[in-house]
Amino acid sequence: MSVNILGVETSCDETSAAVVVDGLNVSSNIISSQIDVHRKFGGVVPEVASRKHLEMINVVIQEALDEAKIGFEDLDAVAVTYGPGLVGALLVGVAAAKAMSFALNVPLVGVNHLEGHVYANFLNNPGLNFPLLCLVVSGGHTDLVLINGYNDYNVVGRTRDDAAGEAFDKVARVLDLGYPGGPVIDKIAREADPTAIKLPRAYLEEGSLDFSFSGLKTAVVNYAHRAKQRGETVDKENLAAGFQQAVVDVLVDKAIAAAKKYNTPVLMLAGGVAANSQLRHQLGERANAEGMELVCPPLVLCTDNAAMIACAGYHKYLRKNFAPLTLNAVPNLKLGEDKY
Ligand code: KG4
Ligand code: ZN
């Protein structure tokens, strides 16, 4: 008997619902992005995000069921992101999932958003075994996570200030490239020279697996301001490419160092920044040279989506790790902790 899990994701600016069978096969993965709404504000406006989730949640869930060609009665469980994220946004998904769990009398599974990003790698990939070293790079997090087994997470490196995605978004804003910054910078950097403008790379103390991107961000901002004061035009393409290269160099070096230190033959990428073409390319080459395997989710599963939540939820479902109907949103939920 196959297990149909409905995943629900509303932690930030995508309203998403998906049906995943046996934690492996994606029957549907509907993603309604609010990016166009937030773009004019230059970033996600929490109150607007909650309201948009409310408008879309039922539509998106129905579409996920329709595309999977199943009805509510065919669901075995409902898995929902309950943190970390924007509290008002999370609450929309949590409330919808609780209502379905109660009405359908099926288990409710509470999923950590970052765990979801990690599990995006397990979709369509039955051969993945622990231990794994995962670089989780999103708008809110930059973590090196040693995963020894199910729900056994050990964060061995993290950013001390900005997340990598946050730095992409802030730099794009300063250069008037629009929101979100990552995809635009990725695109324009392809035709540019990443060595034309020298920018700093923060490696921190010898052997540290932590990250820091605020100095790099400030260097980009200062470079742009100085050029403006002198009346010079900034070569945005080269500046964006130089910035991206500085981020990628540090991410790659530290991810490889961590995999070597913990002796993990498989390196995984997860989170929105995992969609970055330079990061995928450079990490792939380095991993290859070191005899490691690099596993990355397909692009659509890198950024926020509910299929990854359903997949992570399936593994909790198998272990009967169900959430009570009192489940609440936990905006600062840590990887590996259950807060219910
Ligand atoms: O995982 P995600 O969708 O949401 C969070 O959980 O934060 O990640 C969004 C972040 C944004 O900062 C966005 O600029 C970045 O991922 N991003 C990228 C790319 N696509 C999305 N960053 C670099 N290159 C990309 N191609
Ligand atoms: Zn995310």
# chains A, B, ... in the order shown; residues from 1 in each chain; ligands from 1
>>> residues_near_ligand(ligand="ligand 2", cutoff="12 Å", atoms="only C-alpha atoms and all ligand atoms", output="PDB file with N, CA and C atoms, in the first residue's frame")
ATOM      1  N   GLU A   9       3.237  24.271   2.542  1.00  0.00           N
ATOM      2  CA  GLU A   9       4.367  25.166   2.854  1.00  0.00           C
ATOM      3  C   GLU A   9       3.925  26.626   2.679  1.00  0.00           C
ATOM      4  N   THR A  10       4.010  27.403   3.774  1.00  0.00           N
ATOM      5  CA  THR A  10       3.667  28.837   3.700  1.00  0.00           C
ATOM      6  C   THR A  10       4.613  29.664   4.582  1.00  0.00           C
ATOM      7  N   SER A  11       5.889  29.257   4.689  1.00  0.00           N
ATOM      8  CA  SER A  11       6.741  29.927   5.683  1.00  0.00           C
ATOM      9  C   SER A  11       7.213  31.314   5.265  1.00  0.00           C
ATOM     10  N   CYS A  12       7.207  31.580   3.947  1.00  0.00           N
ATOM     11  CA  CYS A  12       7.719  32.883   3.506  1.00  0.00           C
ATOM     12  C   CYS A  12       6.824  33.457   2.412  1.00  0.00           C
ATOM     13  N   ASP A  13       7.274  33.450   1.173  1.00  0.00           N
ATOM     14  CA  ASP A  13       6.478  34.101   0.130  1.00  0.00           C
ATOM     15  C   ASP A  13       6.021  33.163  -0.987  1.00  0.00           C
ATOM     16  N   GLU A  14       6.025  31.852  -0.731  1.00  0.00           N
ATOM     17  CA  GLU A  14       5.380  30.948  -1.691  1.00  0.00           C
ATOM     18  C   GLU A  14       4.298  30.171  -0.948  1.00  0.00           C
ATOM     19  N   THR A  15       3.106  30.121  -1.553  1.00  0.00           N
ATOM     20  CA  THR A  15       2.051  29.262  -1.025  1.00  0.00           C
ATOM     21  C   THR A  15       2.147  27.981  -1.836  1.00  0.00           C
ATOM     22  N   SER A  16       2.415  26.862  -1.152  1.00  0.00           N
ATOM     23  CA  SER A  16       2.637  25.638  -1.917  1.00  0.00           C
ATOM     24  C   SER A  16       1.969  24.443  -1.263  1.00  0.00           C
ATOM     25  N   THR A  81       4.877  22.788   7.203  1.00  0.00           N
ATOM     26  CA  THR A  81       5.984  23.563   7.782  1.00  0.00           C
ATOM     27  C   THR A  81       5.448  24.358   8.961  1.00  0.00           C
ATOM     28  N   GLY A  83       7.865  25.938  11.137  1.00  0.00           N
ATOM     29  CA  GLY A  83       8.942  26.844  11.497  1.00  0.00           C
ATOM     30  C   GLY A  83      10.214  26.364  10.827  1.00  0.00           C
ATOM     31  N   PRO A  84      11.284  27.139  10.744  1.00  0.00           N
ATOM     32  CA  PRO A  84      11.284  28.570  11.019  1.00  0.00           C
ATOM     33  C   PRO A  84      10.668  29.349   9.852  1.00  0.00           C
ATOM     34  N   GLY A  85      10.314  30.587  10.115  1.00  0.00           N
ATOM     35  CA  GLY A  85       9.712  31.418   9.072  1.00  0.00           C
ATOM     36  C   GLY A  85       8.965  32.581   9.690  1.00  0.00           C
ATOM     37  N   LEU A  86       8.166  33.234   8.880  1.00  0.00           N
ATOM     38  CA  LEU A  86       7.366  34.376   9.349  1.00  0.00           C
ATOM     39  C   LEU A  86       6.140  33.832  10.066  1.00  0.00           C
ATOM     40  N   ASN A 112      10.071  20.847  10.008  1.00  0.00           N
ATOM     41  CA  ASN A 112      10.990  21.980  10.043  1.00  0.00           C
ATOM     42  C   ASN A 112      11.324  22.358   8.588  1.00  0.00           C
ATOM     43  N   HIS A 113      11.214  23.625   8.271  1.00  0.00           N
ATOM     44  CA  HIS A 113      11.431  24.091   6.898  1.00  0.00           C
ATOM     45  C   HIS A 113      12.826  23.703   6.367  1.00  0.00           C
ATOM     46  N   LEU A 114      13.830  23.811   7.223  1.00  0.00           N
ATOM     47  CA  LEU A 114      15.203  23.491   6.785  1.00  0.00           C
ATOM     48  C   LEU A 114      15.356  21.999   6.533  1.00  0.00           C
ATOM     49  N   GLU A 115      14.698  21.211   7.370  1.00  0.00           N
ATOM     50  CA  GLU A 115      14.699  19.764   7.164  1.00  0.00           C
ATOM     51  C   GLU A 115      14.052  19.457   5.810  1.00  0.00           C
ATOM     52  N   GLY A 116      13.012  20.222   5.489  1.00  0.00           N
ATOM     53  CA  GLY A 116      12.371  20.085   4.178  1.00  0.00           C
ATOM     54  C   GLY A 116      13.378  20.330   3.069  1.00  0.00           C
ATOM     55  N   HIS A 117      14.150  21.425   3.188  1.00  0.00           N
ATOM     56  CA  HIS A 117      15.155  21.716   2.152  1.00  0.00           C
ATOM     57  C   HIS A 117      16.123  20.533   1.994  1.00  0.00           C
ATOM     58  N   VAL A 118      16.563  19.980   3.119  1.00  0.00           N
ATOM     59  CA  VAL A 118      17.483  18.837   3.072  1.00  0.00           C
ATOM     60  C   VAL A 118      16.823  17.670   2.333  1.00  0.00           C
ATOM     61  N   TYR A 119      15.560  17.394   2.672  1.00  0.00           N
ATOM     62  CA  TYR A 119      14.873  16.230   2.101  1.00  0.00           C
ATOM     63  C   TYR A 119      14.499  16.404   0.626  1.00  0.00           C
ATOM     64  N   ALA A 120      14.616  17.623   0.107  1.00  0.00           N
ATOM     65  CA  ALA A 120      14.395  17.815  -1.335  1.00  0.00           C
ATOM     66  C   ALA A 120      15.330  16.894  -2.121  1.00  0.00           C
ATOM     67  N   VAL A 136      23.313  23.920   3.672  1.00  0.00           N
ATOM     68  CA  VAL A 136      21.973  24.508   3.559  1.00  0.00           C
ATOM     69  C   VAL A 136      22.142  26.011   3.373  1.00  0.00           C
ATOM     70  N   VAL A 137      21.799  26.490   2.188  1.00  0.00           N
ATOM     71  CA  VAL A 137      21.987  27.915   1.876  1.00  0.00           C
ATOM     72  C   VAL A 137      20.676  28.505   1.376  1.00  0.00           C
ATOM     73  N   SER A 138      20.057  29.323   2.226  1.00  0.00           N
ATOM     74  CA  SER A 138      18.761  29.893   1.833  1.00  0.00           C
ATOM     75  C   SER A 138      18.763  31.383   2.130  1.00  0.00           C
ATOM     76  N   GLY A 139      17.558  31.983   2.067  1.00  0.00           N
ATOM     77  CA  GLY A 139      17.449  33.407   2.364  1.00  0.00           C
ATOM     78  C   GLY A 139      17.684  33.683   3.843  1.00  0.00           C
ATOM     79  N   GLY A 140      17.428  32.710   4.688  1.00  0.00           N
ATOM     80  CA  GLY A 140      17.541  32.927   6.128  1.00  0.00           C
ATOM     81  C   GLY A 140      18.659  32.151   6.796  1.00  0.00           C
ATOM     82  N   HIS A 141      19.232  31.166   6.112  1.00  0.00           N
ATOM     83  CA  HIS A 141      20.220  30.291   6.757  1.00  0.00           C
ATOM     84  C   HIS A 141      21.422  29.988   5.860  1.00  0.00           C
ATOM     85  N   THR A 142      22.564  29.810   6.503  1.00  0.00           N
ATOM     86  CA  THR A 142      23.736  29.257   5.826  1.00  0.00           C
ATOM     87  C   THR A 142      24.382  28.334   6.847  1.00  0.00           C
ATOM     88  N   ALA A 163      22.820  35.583   6.060  1.00  0.00           N
ATOM     89  CA  ALA A 163      22.753  34.339   5.298  1.00  0.00           C
ATOM     90  C   ALA A 163      23.188  34.650   3.866  1.00  0.00           C
ATOM     91  N   GLY A 165      21.822  33.918   0.981  1.00  0.00           N
ATOM     92  CA  GLY A 165      20.710  34.427   0.164  1.00  0.00           C
ATOM     93  C   GLY A 165      20.365  35.866   0.504  1.00  0.00           C
ATOM     94  N   GLU A 166      20.444  36.166   1.803  1.00  0.00           N
ATOM     95  CA  GLU A 166      20.185  37.523   2.268  1.00  0.00           C
ATOM     96  C   GLU A 166      21.204  38.482   1.650  1.00  0.00           C
ATOM     97  N   ALA A 270      21.380  22.299  -0.424  1.00  0.00           N
ATOM     98  CA  ALA A 270      19.946  22.501  -0.193  1.00  0.00           C
ATOM     99  C   ALA A 270      19.650  23.977   0.031  1.00  0.00           C
ATOM    100  N   GLY A 271      18.407  24.391  -0.251  1.00  0.00           N
ATOM    101  CA  GLY A 271      17.989  25.780  -0.039  1.00  0.00           C
ATOM    102  C   GLY A 271      18.021  26.579  -1.331  1.00  0.00           C
ATOM    103  N   GLY A 272      17.409  27.758  -1.285  1.00  0.00           N
ATOM    104  CA  GLY A 272      17.256  28.572  -2.486  1.00  0.00           C
ATOM    105  C   GLY A 272      18.559  28.859  -3.214  1.00  0.00           C
ATOM    106  N   VAL A 273      19.630  29.134  -2.469  1.00  0.00           N
ATOM    107  CA  VAL A 273      20.913  29.475  -3.099  1.00  0.00           C
ATOM    108  C   VAL A 273      21.542  28.247  -3.775  1.00  0.00           C
ATOM    109  N   ALA A 274      21.044  27.053  -3.434  1.00  0.00           N
ATOM    110  CA  ALA A 274      21.512  25.826  -4.104  1.00  0.00           C
ATOM    111  C   ALA A 274      21.149  25.859  -5.589  1.00  0.00           C
ATOM    112  N   ALA A 275      20.265  26.792  -5.979  1.00  0.00           N
ATOM    113  CA  ALA A 275      19.914  26.941  -7.402  1.00  0.00           C
ATOM    114  C   ALA A 275      21.004  27.700  -8.156  1.00  0.00           C
ATOM    115  N   VAL A 300      13.752  23.411  -9.363  1.00  0.00           N
ATOM    116  CA  VAL A 300      12.424  23.729  -8.820  1.00  0.00           C
ATOM    117  C   VAL A 300      12.284  23.268  -7.369  1.00  0.00           C
ATOM    118  N   LEU A 301      13.107  22.312  -6.957  1.00  0.00           N
ATOM    119  CA  LEU A 301      13.031  21.821  -5.575  1.00  0.00           C
ATOM    120  C   LEU A 301      14.045  22.503  -4.646  1.00  0.00           C
ATOM    121  N   CYS A 302      14.839  23.445  -5.217  1.00  0.00           N
ATOM    122  CA  CYS A 302      15.789  24.183  -4.369  1.00  0.00           C
ATOM    123  C   CYS A 302      15.070  25.274  -3.588  1.00  0.00           C
ATOM    124  N   THR A 303      14.278  26.082  -4.295  1.00  0.00           N
ATOM    125  CA  THR A 303      13.547  27.152  -3.622  1.00  0.00           C
ATOM    126  C   THR A 303      12.299  26.557  -2.957  1.00  0.00           C
ATOM    127  N   ASP A 304      11.596  27.391  -2.186  1.00  0.00           N
ATOM    128  CA  ASP A 304      10.526  26.871  -1.327  1.00  0.00           C
ATOM    129  C   ASP A 304       9.429  26.143  -2.106  1.00  0.00           C
ATOM    130  N   ASN A 305       9.087  24.957  -1.628  1.00  0.00           N
ATOM    131  CA  ASN A 305       8.051  24.144  -2.262  1.00  0.00           C
ATOM    132  C   ASN A 305       7.530  23.147  -1.240  1.00  0.00           C
ATOM    133  N   ALA A 306       6.340  22.602  -1.492  1.00  0.00           N
ATOM    134  CA  ALA A 306       5.727  21.702  -0.510  1.00  0.00           C
ATOM    135  C   ALA A 306       6.111  20.242  -0.723  1.00  0.00           C
ATOM    136  N   MET A 308       9.076  19.028  -0.872  1.00  0.00           N
ATOM    137  CA  MET A 308      10.160  18.720   0.084  1.00  0.00           C
ATOM    138  C   MET A 308       9.601  18.552   1.499  1.00  0.00           C
ATOM    139  N   ILE A 309       8.530  19.285   1.793  1.00  0.00           N
ATOM    140  CA  ILE A 309       7.907  19.186   3.128  1.00  0.00           C
ATOM    141  C   ILE A 309       7.197  17.830   3.258  1.00  0.00           C
TER     142      ILE A 309
END
>>> select_by_dssp(residues="stretch 44-218 of chain A", states="strand (DSSP E)", output="ChimeraX atom specification")
/A:77-83,108-112,132-137,142-149,152-158
>>> closest_residue(among="A:Asp338, A:Thr233, A:Leu133, A:Leu299", to="A:Ala287", atoms="only C-alpha atoms")
A:Leu133
>>> atom_distance(atom1="atom CA of A:Glu63", atom2="atom CA of A:Ala323")
25.0 Å
>>> closest_residue(among="A:Pro180, A:Leu132, A:Ala259, A:Asp186", to="A:His38", atoms="only C-alpha atoms")
A:Pro180
>>> residues_around(residues="A:Ala77", least_positions_apart="6", cutoff="8 Å", atoms="only C-alpha atoms", output="short mmCIF file (atom, residue, chain, number, x, y, z; two decimals) with C-alpha atoms, in the first residue's frame")
data_model
loop_
_atom_site.label_atom_id
_atom_site.label_comp_id
_atom_site.auth_asym_id
_atom_site.auth_seq_id
_atom_site.Cartn_x
_atom_site.Cartn_y
_atom_site.Cartn_z
CA ASN A 4 0.01 9.62 0.04
CA ILE A 5 1.22 12.65 1.96
CA LEU A 6 -0.10 16.13 1.35
CA SER A 101 -6.03 16.45 9.80
CA VAL A 106 -5.41 11.46 9.46
CA PRO A 107 -2.14 12.21 11.28
CA LEU A 108 -0.73 15.72 11.32
CA VAL A 109 3.04 15.92 10.79
CA TYR A 317 5.17 9.60 9.46
#
>>> decode(residues="stretch 323-340 of chain A", atoms="C-alpha atoms", output="PDB file, in the first residue's frame")
ATOM      1  CA  ALA A 323       2.067  16.502  15.944  1.00  0.00           C
ATOM      2  CA  PRO A 324      -0.925  17.228  18.181  1.00  0.00           C
ATOM      3  CA  LEU A 325      -3.778  19.408  16.933  1.00  0.00           C
ATOM      4  CA  THR A 326      -2.459  22.102  19.273  1.00  0.00           C
ATOM      5  CA  LEU A 327       0.521  22.539  16.895  1.00  0.00           C
ATOM      6  CA  ASN A 328       1.563  26.170  16.665  1.00  0.00           C
ATOM      7  CA  ALA A 329       3.918  28.119  14.412  1.00  0.00           C
ATOM      8  CA  VAL A 330       7.469  28.314  15.824  1.00  0.00           C
ATOM      9  CA  PRO A 331       9.239  31.152  13.952  1.00  0.00           C
ATOM     10  CA  ASN A 332      12.731  30.316  15.277  1.00  0.00           C
ATOM     11  CA  LEU A 333      12.505  26.511  15.215  1.00  0.00           C
ATOM     12  CA  LYS A 334      15.937  24.831  15.209  1.00  0.00           C
ATOM     13  CA  LEU A 335      16.931  21.916  13.015  1.00  0.00           C
ATOM     14  CA  GLY A 336      16.372  18.602  14.803  1.00  0.00           C
ATOM     15  CA  GLU A 337      14.043  19.927  17.510  1.00  0.00           C
ATOM     16  CA  ASP A 338      10.334  19.152  17.793  1.00  0.00           C
ATOM     17  CA  LYS A 339       8.401  21.907  19.541  1.00  0.00           C
ATOM     18  CA  TYR A 340       4.959  20.514  20.153  1.00  0.00           C
TER      19      TYR A 340
END
